[in-house]
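Down below is the structure, laid out as structure tokens.
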There are 2 protein chains.
Amino acid sequence: MNVRSKLDMEFSKQKGLYSSEDGACLQKSIITAEGYAITECALAVLSDLKEHKSYIFDGGFAQTLDIDASVCNGEINSIWEQNILDVIHPDDLEMKMLNELLYFHHIQKASGAMRFRQNLWQQVRIRRHDGDYMTAMHRLYYIPDSDGNTVRFALCLYGPLLFPMQNCAVVINNINGTNMSLDVSTGKDILSHKEISVLQMIANGMSSKEIARQLSISVHTVSRHRQNINAKLQVHNSMEAYRIARSLGIVI
Amino acid sequence: MNVRSKLDMEFSKQKGLYSSEDGACLQKSIITAEGYAITECALAVLSDLKEHKSYIFDGGFAQTLDIDASVCNGEINSIWEQNILDVIHPDDLEMKMLNELLYFHHIQKASGAMRFRQNLWQQVRIRRHDGDYMTAMHRLYYIPDSDGNTVRFALCLYGPLLFPMQNCAVVINNINGTNMSLDVSTGKDILSHKEISVLQMIANGMSSKEIARQLSISVHTVSRHRQNINAKLQVHNSMEAYRIARSLGIVI
């Protein structure tokens, strides 16, 4: 299962997502997204995790990104703004999806009061028509349903990079301004313990045969673990898987 | 005339402020302000420059500031959120008002397209109940009326300081992320040419009598200039006036 599917699944798995019927909550969130676009000139995407739709508003930043304006306004039948994701640098997109998964895990673990008092800032490179990349800032805010608890909406804001970021992704606490990197222990949730062991052994230079022997499993099972690791991390080979897993602190 | 009155006057002087009758524009802006409060936990103040009202929403930051929650929600009959302004450090409040005046001049000079594509970030110290000050970030966005041109609303957002600011106040370009200090030439608009000359001579150690002789005016007129300078800069004496004027680059 790749990262995006994992997010889709985890979003839909939330208790309470189907319980409330509040059109006012949707309407307010749509106006807020449009308000952000107008106020900050941002490219704003409000994704409704319940109805599997997104509402996209551009306040001017799409022009800076050199993204076709026609893809930046309106309603789409997906929570993923594919036209915009398509022009994000593949390496950054991969990290962006992973960070969003880590972040979702992070806020699910947070207590109700703190869950919606933080947001995720990421730095992403976006490809322009001339092929050059420009660096933009991506902010992700989760907005609760009317029950105040379930993550109903994801508000993604694309805007200029306002200050140099030390890490590509930080979680901001909107109450006291502290920021933190995503927790290593959260990263571990993506891969199973067995998969982490296998990946660590691969990183240590062991062959599938050696790994099979050490874990007392068949070579076929090691091979299946490798495939699952690659699929979960959305990569094509173990080298890439290792690179990402290391950057997440899952392996050393 | 003090800075606040000057701002009040300049706001109301805008052409077009009384021409439109668009309740939808007000309603959307109120929802946007509330949306900012909820999404970012900000203390949001939407001031309607036309109707002389403000709508205050707190998403949680008032608690961090240790401001009484009861003063942080609701509608008030003023564009100035006095209860909040009262707990800002007097020096910072003085600079905040001046910067807002400079910023208003700055955007009035900007072409229509660029006018609403920038905003002002300021660092301000806010007094808590225990008497200690904490530093917060204040963002000011002007929102146009439905004509897309007149400054109808001021959206002020109080939140935590997210990154160290090099200057206490910067103008952010929301399209390309560049930031700049407020323009020296804009600062000059606050005082008249004659007042700037007088203040510079005071700074150079000249007495009122010497200034009067040099400018071929009466000592009484010099005295009036001094009073006007102090009033415009919201200070009590020439020393303070000089300090502020120098920080604005009006005098050297």
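Labels used: A, B, ... for chains in the order of the structure tokens, numbers from 1 for residues in each chain, and numbers from 1 for ligands as shown.
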What parts of region 114-207 of chain A does DSSP call strand (DSSP E or B)? I'd like the answer as a PDB file with N, CA and C atoms, in the first residue's frame.
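That gives us result.pdb:
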```pdb
ATOM      1  N   GLN A 118      -2.018  22.992  16.057  1.00  0.00           N
ATOM      2  CA  GLN A 118      -0.719  22.918  15.421  1.00  0.00           C
ATOM      3  C   GLN A 118      -0.928  22.828  13.919  1.00  0.00           C
ATOM      4  N   ASN A 119       0.134  22.992  13.177  1.00  0.00           N
ATOM      5  CA  ASN A 119       0.053  22.767  11.736  1.00  0.00           C
ATOM      6  C   ASN A 119       1.428  22.428  11.196  1.00  0.00           C
ATOM      7  N   LEU A 120       1.435  21.962   9.963  1.00  0.00           N
ATOM      8  CA  LEU A 120       2.673  21.471   9.346  1.00  0.00           C
ATOM      9  C   LEU A 120       3.133  22.437   8.267  1.00  0.00           C
ATOM     10  N   TRP A 121       4.400  22.887   8.359  1.00  0.00           N
ATOM     11  CA  TRP A 121       4.986  23.741   7.326  1.00  0.00           C
ATOM     12  C   TRP A 121       6.019  22.922   6.578  1.00  0.00           C
ATOM     13  N   GLN A 122       5.937  22.947   5.277  1.00  0.00           N
ATOM     14  CA  GLN A 122       6.919  22.232   4.470  1.00  0.00           C
ATOM     15  C   GLN A 122       7.428  23.132   3.355  1.00  0.00           C
ATOM     16  N   GLN A 123       8.654  22.862   2.982  1.00  0.00           N
ATOM     17  CA  GLN A 123       9.291  23.570   1.876  1.00  0.00           C
ATOM     18  C   GLN A 123       9.224  22.626   0.673  1.00  0.00           C
ATOM     19  N   VAL A 124       8.655  23.063  -0.429  1.00  0.00           N
ATOM     20  CA  VAL A 124       8.599  22.188  -1.619  1.00  0.00           C
ATOM     21  C   VAL A 124       9.037  22.937  -2.870  1.00  0.00           C
ATOM     22  N   ARG A 125       9.724  22.203  -3.746  1.00  0.00           N
ATOM     23  CA  ARG A 125      10.122  22.804  -5.024  1.00  0.00           C
ATOM     24  C   ARG A 125       9.016  22.529  -6.048  1.00  0.00           C
ATOM     25  N   ILE A 126       8.646  23.577  -6.771  1.00  0.00           N
ATOM     26  CA  ILE A 126       7.562  23.447  -7.754  1.00  0.00           C
ATOM     27  C   ILE A 126       8.085  23.822  -9.136  1.00  0.00           C
ATOM     28  N   ARG A 127       7.771  22.959 -10.111  1.00  0.00           N
ATOM     29  CA  ARG A 127       8.297  23.156 -11.475  1.00  0.00           C
ATOM     30  C   ARG A 127       7.459  24.172 -12.244  1.00  0.00           C
ATOM     31  N   TYR A 133      12.791  25.058 -11.232  1.00  0.00           N
ATOM     32  CA  TYR A 133      12.018  24.863 -10.004  1.00  0.00           C
ATOM     33  C   TYR A 133      12.092  26.112  -9.143  1.00  0.00           C
ATOM     34  N   MET A 134      11.007  26.436  -8.465  1.00  0.00           N
ATOM     35  CA  MET A 134      11.061  27.480  -7.442  1.00  0.00           C
ATOM     36  C   MET A 134      10.619  26.864  -6.115  1.00  0.00           C
ATOM     37  N   THR A 135      11.172  27.399  -5.024  1.00  0.00           N
ATOM     38  CA  THR A 135      10.830  26.857  -3.712  1.00  0.00           C
ATOM     39  C   THR A 135       9.635  27.608  -3.132  1.00  0.00           C
ATOM     40  N   ALA A 136       8.656  26.855  -2.686  1.00  0.00           N
ATOM     41  CA  ALA A 136       7.474  27.461  -2.092  1.00  0.00           C
ATOM     42  C   ALA A 136       7.262  26.891  -0.699  1.00  0.00           C
ATOM     43  N   MET A 137       6.392  27.539   0.061  1.00  0.00           N
ATOM     44  CA  MET A 137       6.062  27.045   1.393  1.00  0.00           C
ATOM     45  C   MET A 137       4.658  26.455   1.350  1.00  0.00           C
ATOM     46  N   HIS A 138       4.537  25.316   1.952  1.00  0.00           N
ATOM     47  CA  HIS A 138       3.250  24.636   1.984  1.00  0.00           C
ATOM     48  C   HIS A 138       2.830  24.491   3.444  1.00  0.00           C
ATOM     49  N   ARG A 139       1.663  25.020   3.778  1.00  0.00           N
ATOM     50  CA  ARG A 139       1.168  24.907   5.154  1.00  0.00           C
ATOM     51  C   ARG A 139      -0.051  23.997   5.147  1.00  0.00           C
ATOM     52  N   LEU A 140      -0.099  23.093   6.084  1.00  0.00           N
ATOM     53  CA  LEU A 140      -1.229  22.173   6.186  1.00  0.00           C
ATOM     54  C   LEU A 140      -1.914  22.344   7.544  1.00  0.00           C
ATOM     55  N   TYR A 141      -3.176  22.715   7.502  1.00  0.00           N
ATOM     56  CA  TYR A 141      -3.981  22.832   8.719  1.00  0.00           C
ATOM     57  C   TYR A 141      -5.121  21.822   8.640  1.00  0.00           C
ATOM     58  N   TYR A 142      -5.323  21.071   9.709  1.00  0.00           N
ATOM     59  CA  TYR A 142      -6.506  20.226   9.773  1.00  0.00           C
ATOM     60  C   TYR A 142      -7.601  20.993  10.488  1.00  0.00           C
ATOM     61  N   ILE A 143      -8.803  20.890   9.960  1.00  0.00           N
ATOM     62  CA  ILE A 143      -9.951  21.592  10.551  1.00  0.00           C
ATOM     63  C   ILE A 143     -10.956  20.525  10.994  1.00  0.00           C
ATOM     64  N   PRO A 144     -11.450  20.637  12.237  1.00  0.00           N
ATOM     65  CA  PRO A 144     -12.362  19.599  12.719  1.00  0.00           C
ATOM     66  C   PRO A 144     -13.764  19.715  12.120  1.00  0.00           C
ATOM     67  N   VAL A 151     -11.084  14.893  12.276  1.00  0.00           N
ATOM     68  CA  VAL A 151     -10.447  15.682  11.221  1.00  0.00           C
ATOM     69  C   VAL A 151     -11.338  15.615   9.981  1.00  0.00           C
ATOM     70  N   ARG A 152     -12.001  16.709   9.676  1.00  0.00           N
ATOM     71  CA  ARG A 152     -12.933  16.699   8.550  1.00  0.00           C
ATOM     72  C   ARG A 152     -12.293  17.307   7.295  1.00  0.00           C
ATOM     73  N   PHE A 153     -11.546  18.413   7.485  1.00  0.00           N
ATOM     74  CA  PHE A 153     -10.967  19.110   6.348  1.00  0.00           C
ATOM     75  C   PHE A 153      -9.453  19.233   6.478  1.00  0.00           C
ATOM     76  N   ALA A 154      -8.778  19.240   5.334  1.00  0.00           N
ATOM     77  CA  ALA A 154      -7.362  19.582   5.293  1.00  0.00           C
ATOM     78  C   ALA A 154      -7.262  20.862   4.467  1.00  0.00           C
ATOM     79  N   LEU A 155      -6.727  21.915   5.080  1.00  0.00           N
ATOM     80  CA  LEU A 155      -6.535  23.164   4.341  1.00  0.00           C
ATOM     81  C   LEU A 155      -5.061  23.277   3.986  1.00  0.00           C
ATOM     82  N   CYS A 156      -4.766  23.212   2.686  1.00  0.00           N
ATOM     83  CA  CYS A 156      -3.377  23.315   2.213  1.00  0.00           C
ATOM     84  C   CYS A 156      -3.180  24.674   1.589  1.00  0.00           C
ATOM     85  N   LEU A 157      -2.157  25.385   2.060  1.00  0.00           N
ATOM     86  CA  LEU A 157      -1.886  26.718   1.540  1.00  0.00           C
ATOM     87  C   LEU A 157      -0.510  26.743   0.898  1.00  0.00           C
ATOM     88  N   TYR A 158      -0.463  27.094  -0.368  1.00  0.00           N
ATOM     89  CA  TYR A 158       0.816  27.257  -1.056  1.00  0.00           C
ATOM     90  C   TYR A 158       1.102  28.749  -1.137  1.00  0.00           C
ATOM     91  N   GLY A 159       2.277  29.136  -0.706  1.00  0.00           N
ATOM     92  CA  GLY A 159       2.658  30.545  -0.743  1.00  0.00           C
ATOM     93  C   GLY A 159       4.163  30.658  -0.856  1.00  0.00           C
ATOM     94  N   PRO A 160       4.678  31.893  -0.883  1.00  0.00           N
ATOM     95  CA  PRO A 160       6.131  32.037  -1.002  1.00  0.00           C
ATOM     96  C   PRO A 160       6.850  31.604   0.277  1.00  0.00           C
ATOM     97  N   ALA A 169      10.561  20.200   6.893  1.00  0.00           N
ATOM     98  CA  ALA A 169       9.205  20.091   7.446  1.00  0.00           C
ATOM     99  C   ALA A 169       9.241  20.316   8.948  1.00  0.00           C
ATOM    100  N   VAL A 170       8.391  21.208   9.433  1.00  0.00           N
ATOM    101  CA  VAL A 170       8.287  21.412  10.876  1.00  0.00           C
ATOM    102  C   VAL A 170       6.825  21.486  11.293  1.00  0.00           C
ATOM    103  N   VAL A 171       6.588  21.022  12.510  1.00  0.00           N
ATOM    104  CA  VAL A 171       5.262  21.137  13.095  1.00  0.00           C
ATOM    105  C   VAL A 171       5.283  22.362  13.994  1.00  0.00           C
ATOM    106  N   ILE A 172       4.374  23.288  13.706  1.00  0.00           N
ATOM    107  CA  ILE A 172       4.303  24.530  14.470  1.00  0.00           C
ATOM    108  C   ILE A 172       3.198  24.420  15.517  1.00  0.00           C
ATOM    109  N   ASN A 173       3.516  24.805  16.714  1.00  0.00           N
ATOM    110  CA  ASN A 173       2.507  24.917  17.756  1.00  0.00           C
ATOM    111  C   ASN A 173       1.966  26.356  17.691  1.00  0.00           C
ATOM    112  N   ASN A 179       8.397  25.038  17.523  1.00  0.00           N
ATOM    113  CA  ASN A 179       8.277  24.116  16.404  1.00  0.00           C
ATOM    114  C   ASN A 179       9.165  22.911  16.630  1.00  0.00           C
ATOM    115  N   MET A 180       8.768  21.818  16.024  1.00  0.00           N
ATOM    116  CA  MET A 180       9.485  20.560  16.221  1.00  0.00           C
ATOM    117  C   MET A 180       9.504  19.780  14.911  1.00  0.00           C
TER     118      MET A 180
END
```
Neighbouring residues of Asp58 (chain A) were defined as those with any atom within 9 Å, considering only C-alpha atoms; residues of the same chain fewer than 2 positions away were excluded. Please report them as a CSV table (one decimal) with all heavy atoms, in the first residue's frame.
```
chain,number,residue,atom,x,y,z
A,34,GLU,N,-11.3,30.4,0.8
A,34,GLU,CA,-11.3,31.5,-0.2
A,34,GLU,C,-10.8,32.7,0.5
A,34,GLU,O,-10.0,33.5,-0.2
A,34,GLU,CB,-12.8,31.7,-0.7
A,34,GLU,CG,-12.9,32.6,-1.9
A,34,GLU,CD,-14.3,32.9,-2.3
A,34,GLU,OE1,-15.2,32.5,-1.6
A,34,GLU,OE2,-14.4,33.6,-3.3
A,37,ALA,N,-7.1,32.6,0.5
A,37,ALA,CA,-6.6,32.9,-0.9
A,37,ALA,C,-6.6,34.4,-1.2
A,37,ALA,O,-5.6,35.0,-1.6
A,37,ALA,CB,-7.4,32.2,-1.9
A,38,ILE,N,-7.7,35.1,-0.8
A,38,ILE,CA,-7.8,36.5,-1.1
A,38,ILE,C,-6.9,37.3,-0.2
A,38,ILE,O,-6.1,38.2,-0.6
A,38,ILE,CB,-9.3,37.0,-0.8
A,38,ILE,CG1,-10.2,36.3,-1.9
A,38,ILE,CG2,-9.4,38.5,-0.9
A,38,ILE,CD1,-11.7,36.5,-1.6
A,41,CYS,N,-3.1,36.0,-0.8
A,41,CYS,CA,-2.8,35.7,-2.2
A,41,CYS,C,-2.4,34.3,-2.4
A,41,CYS,O,-1.7,33.9,-3.3
A,41,CYS,CB,-1.6,36.6,-2.8
A,41,CYS,SG,-1.9,38.3,-2.6
A,42,ALA,N,-2.7,33.4,-1.4
A,42,ALA,CA,-2.3,32.0,-1.4
A,42,ALA,C,-3.1,31.2,-2.5
A,42,ALA,O,-4.1,31.6,-2.9
A,42,ALA,CB,-2.5,31.4,0.0
A,43,LEU,N,-2.5,30.1,-2.8
A,43,LEU,CA,-3.2,29.1,-3.6
A,43,LEU,C,-3.7,28.1,-2.5
A,43,LEU,O,-2.9,27.5,-1.8
A,43,LEU,CB,-2.2,28.4,-4.5
A,43,LEU,CG,-2.6,27.1,-5.3
A,43,LEU,CD1,-3.9,27.4,-6.0
A,43,LEU,CD2,-1.5,26.7,-6.3
A,44,ALA,N,-5.0,28.1,-2.3
A,44,ALA,CA,-5.6,27.4,-1.2
A,44,ALA,C,-6.4,26.2,-1.6
A,44,ALA,O,-7.2,26.3,-2.6
A,44,ALA,CB,-6.5,28.3,-0.3
A,45,VAL,N,-6.2,25.1,-1.0
A,45,VAL,CA,-6.9,23.9,-1.4
A,45,VAL,C,-7.6,23.4,-0.1
A,45,VAL,O,-6.9,23.0,0.9
A,45,VAL,CB,-6.0,22.7,-1.9
A,45,VAL,CG1,-6.8,21.5,-2.3
A,45,VAL,CG2,-5.2,23.2,-3.1
A,56,ILE,N,-10.6,24.5,-4.7
A,56,ILE,CA,-9.3,25.2,-4.9
A,56,ILE,C,-9.6,26.7,-5.3
A,56,ILE,O,-10.4,27.0,-6.1
A,56,ILE,CB,-8.6,24.5,-6.1
A,56,ILE,CG1,-8.5,23.0,-5.8
A,56,ILE,CG2,-7.2,25.0,-6.2
A,56,ILE,CD1,-7.8,22.2,-6.8
A,60,GLY,N,-3.5,34.5,-6.4
A,60,GLY,CA,-2.4,35.1,-7.1
A,60,GLY,C,-1.1,34.3,-7.2
A,60,GLY,O,-0.3,34.5,-8.0
A,61,PHE,N,-0.9,33.4,-6.2
A,61,PHE,CA,0.3,32.7,-6.1
A,61,PHE,C,0.5,31.7,-7.2
A,61,PHE,O,1.7,31.4,-7.6
A,61,PHE,CB,0.5,32.0,-4.7
A,61,PHE,CG,1.9,31.5,-4.5
A,61,PHE,CD1,3.0,32.4,-4.4
A,61,PHE,CD2,2.1,30.2,-4.3
A,61,PHE,CE1,4.3,32.0,-4.2
A,61,PHE,CE2,3.4,29.7,-4.1
A,61,PHE,CZ,4.5,30.6,-4.1
A,62,ALA,N,-0.6,31.2,-7.8
A,62,ALA,CA,-0.4,30.2,-8.9
A,62,ALA,C,0.3,30.9,-10.1
A,62,ALA,O,1.1,30.2,-10.7
A,62,ALA,CB,-1.8,29.8,-9.4
A,63,GLN,N,0.1,32.2,-10.2
A,63,GLN,CA,0.8,32.9,-11.3
A,63,GLN,C,2.4,32.9,-11.0
A,63,GLN,O,3.1,32.7,-11.9
A,63,GLN,CB,0.3,34.3,-11.4
A,63,GLN,CG,0.4,35.0,-12.7
A,63,GLN,CD,-0.1,36.4,-12.8
A,63,GLN,OE1,-1.1,36.7,-12.0
A,63,GLN,NE2,0.5,37.2,-13.6
A,69,ALA,N,-3.8,28.8,-14.5
A,69,ALA,CA,-4.8,29.3,-13.6
A,69,ALA,C,-6.1,28.5,-13.7
A,69,ALA,O,-6.8,28.3,-12.7
A,69,ALA,CB,-5.1,30.8,-13.9
A,72,CYS,N,-6.5,25.9,-11.1
A,72,CYS,CA,-6.4,26.4,-9.7
A,72,CYS,C,-7.7,27.0,-9.1
A,72,CYS,O,-7.6,27.7,-8.1
A,72,CYS,CB,-5.3,27.4,-9.6
A,72,CYS,SG,-3.7,26.6,-9.9
A,73,ASN,N,-8.8,26.8,-9.8
A,73,ASN,CA,-10.0,27.4,-9.2
A,73,ASN,C,-11.1,26.4,-9.5
A,73,ASN,O,-11.2,25.9,-10.6
A,73,ASN,CB,-10.3,28.7,-9.8
A,73,ASN,CG,-9.5,29.8,-9.1
A,73,ASN,OD1,-9.7,30.1,-7.9
A,73,ASN,ND2,-8.7,30.5,-9.8
```
(message) Just checking: using only C-alpha atoms, which residue out of A:Met239, A:Ser208, A:Asp48, A:Arg4 ends up closest to Leu93 (chain A)?
(response) A:Arg4
Leaving out Asp86 (chain B) and any residue of its chain fewer than 2 positions from it, which residues lie within 12 Å of it when counting only C-alpha atoms, given as a PDB file with C-alpha atoms, in the first residue's frame?
```
ATOM      1  CA  ILE B  67      -5.756  38.301  28.086  1.00  0.00           C
ATOM      2  CA  VAL B  71     -12.717  40.962  25.854  1.00  0.00           C
ATOM      3  CA  TRP B  80      -9.509  49.998  17.574  1.00  0.00           C
ATOM      4  CA  GLU B  81      -9.431  46.931  19.810  1.00  0.00           C
ATOM      5  CA  GLN B  82      -8.710  49.068  22.871  1.00  0.00           C
ATOM      6  CA  ASN B  83      -8.752  46.201  25.393  1.00  0.00           C
ATOM      7  CA  ILE B  84      -5.972  44.472  23.492  1.00  0.00           C
ATOM      8  CA  ILE B  88       0.746  46.145  24.432  1.00  0.00           C
ATOM      9  CA  HIS B  89       4.027  47.629  25.712  1.00  0.00           C
ATOM     10  CA  PRO B  90       3.663  51.433  25.345  1.00  0.00           C
ATOM     11  CA  ASP B  91       6.847  51.744  23.242  1.00  0.00           C
ATOM     12  CA  ASP B  92       5.720  48.948  20.929  1.00  0.00           C
ATOM     13  CA  LEU B  93       2.214  50.377  20.655  1.00  0.00           C
ATOM     14  CA  GLU B  94       3.655  53.736  19.636  1.00  0.00           C
ATOM     15  CA  ARG B 125       5.424  42.812  23.514  1.00  0.00           C
ATOM     16  CA  ILE B 126       2.180  42.070  25.331  1.00  0.00           C
ATOM     17  CA  ARG B 127       1.741  42.372  29.083  1.00  0.00           C
ATOM     18  CA  ARG B 128       0.396  39.367  30.933  1.00  0.00           C
TER      19      ARG B 128
END
```
Residues of chain A near chain B: apply a cut-off of 6 Å, count only C-alpha atoms, and supply the list as a short mmCIF file (atom, residue, chain, number, x, y, z; two decimals) with N, CA and C atoms, in the first residue's frame.
```
data_model
loop_
_atom_site.label_atom_id
_atom_site.label_comp_id
_atom_site.auth_asym_id
_atom_site.auth_seq_id
_atom_site.Cartn_x
_atom_site.Cartn_y
_atom_site.Cartn_z
N THR A 32 -13.64 30.22 4.40
CA THR A 32 -12.34 30.45 5.03
C THR A 32 -11.21 30.20 4.03
N GLY A 35 -11.11 32.92 1.75
CA GLY A 35 -10.62 34.08 2.48
C GLY A 35 -9.10 34.08 2.58
N PHE A 61 -0.94 33.43 -6.18
CA PHE A 61 0.34 32.72 -6.10
C PHE A 61 0.54 31.72 -7.24
N PRO A 160 4.68 31.89 -0.88
CA PRO A 160 6.13 32.04 -1.00
C PRO A 160 6.85 31.60 0.28
N LEU A 161 8.11 31.30 0.13
CA LEU A 161 8.95 30.97 1.28
C LEU A 161 9.25 32.28 2.00
N LEU A 162 8.75 32.42 3.23
CA LEU A 162 8.87 33.71 3.92
C LEU A 162 10.14 33.84 4.74
N ILE A 175 -0.05 27.91 19.50
CA ILE A 175 -0.32 28.57 20.76
C ILE A 175 0.94 29.25 21.31
N ASN A 176 2.05 28.52 21.29
CA ASN A 176 3.26 29.11 21.87
C ASN A 176 4.39 29.31 20.85
N GLY A 177 4.14 28.95 19.59
CA GLY A 177 5.11 29.22 18.54
C GLY A 177 6.27 28.24 18.47
#
```
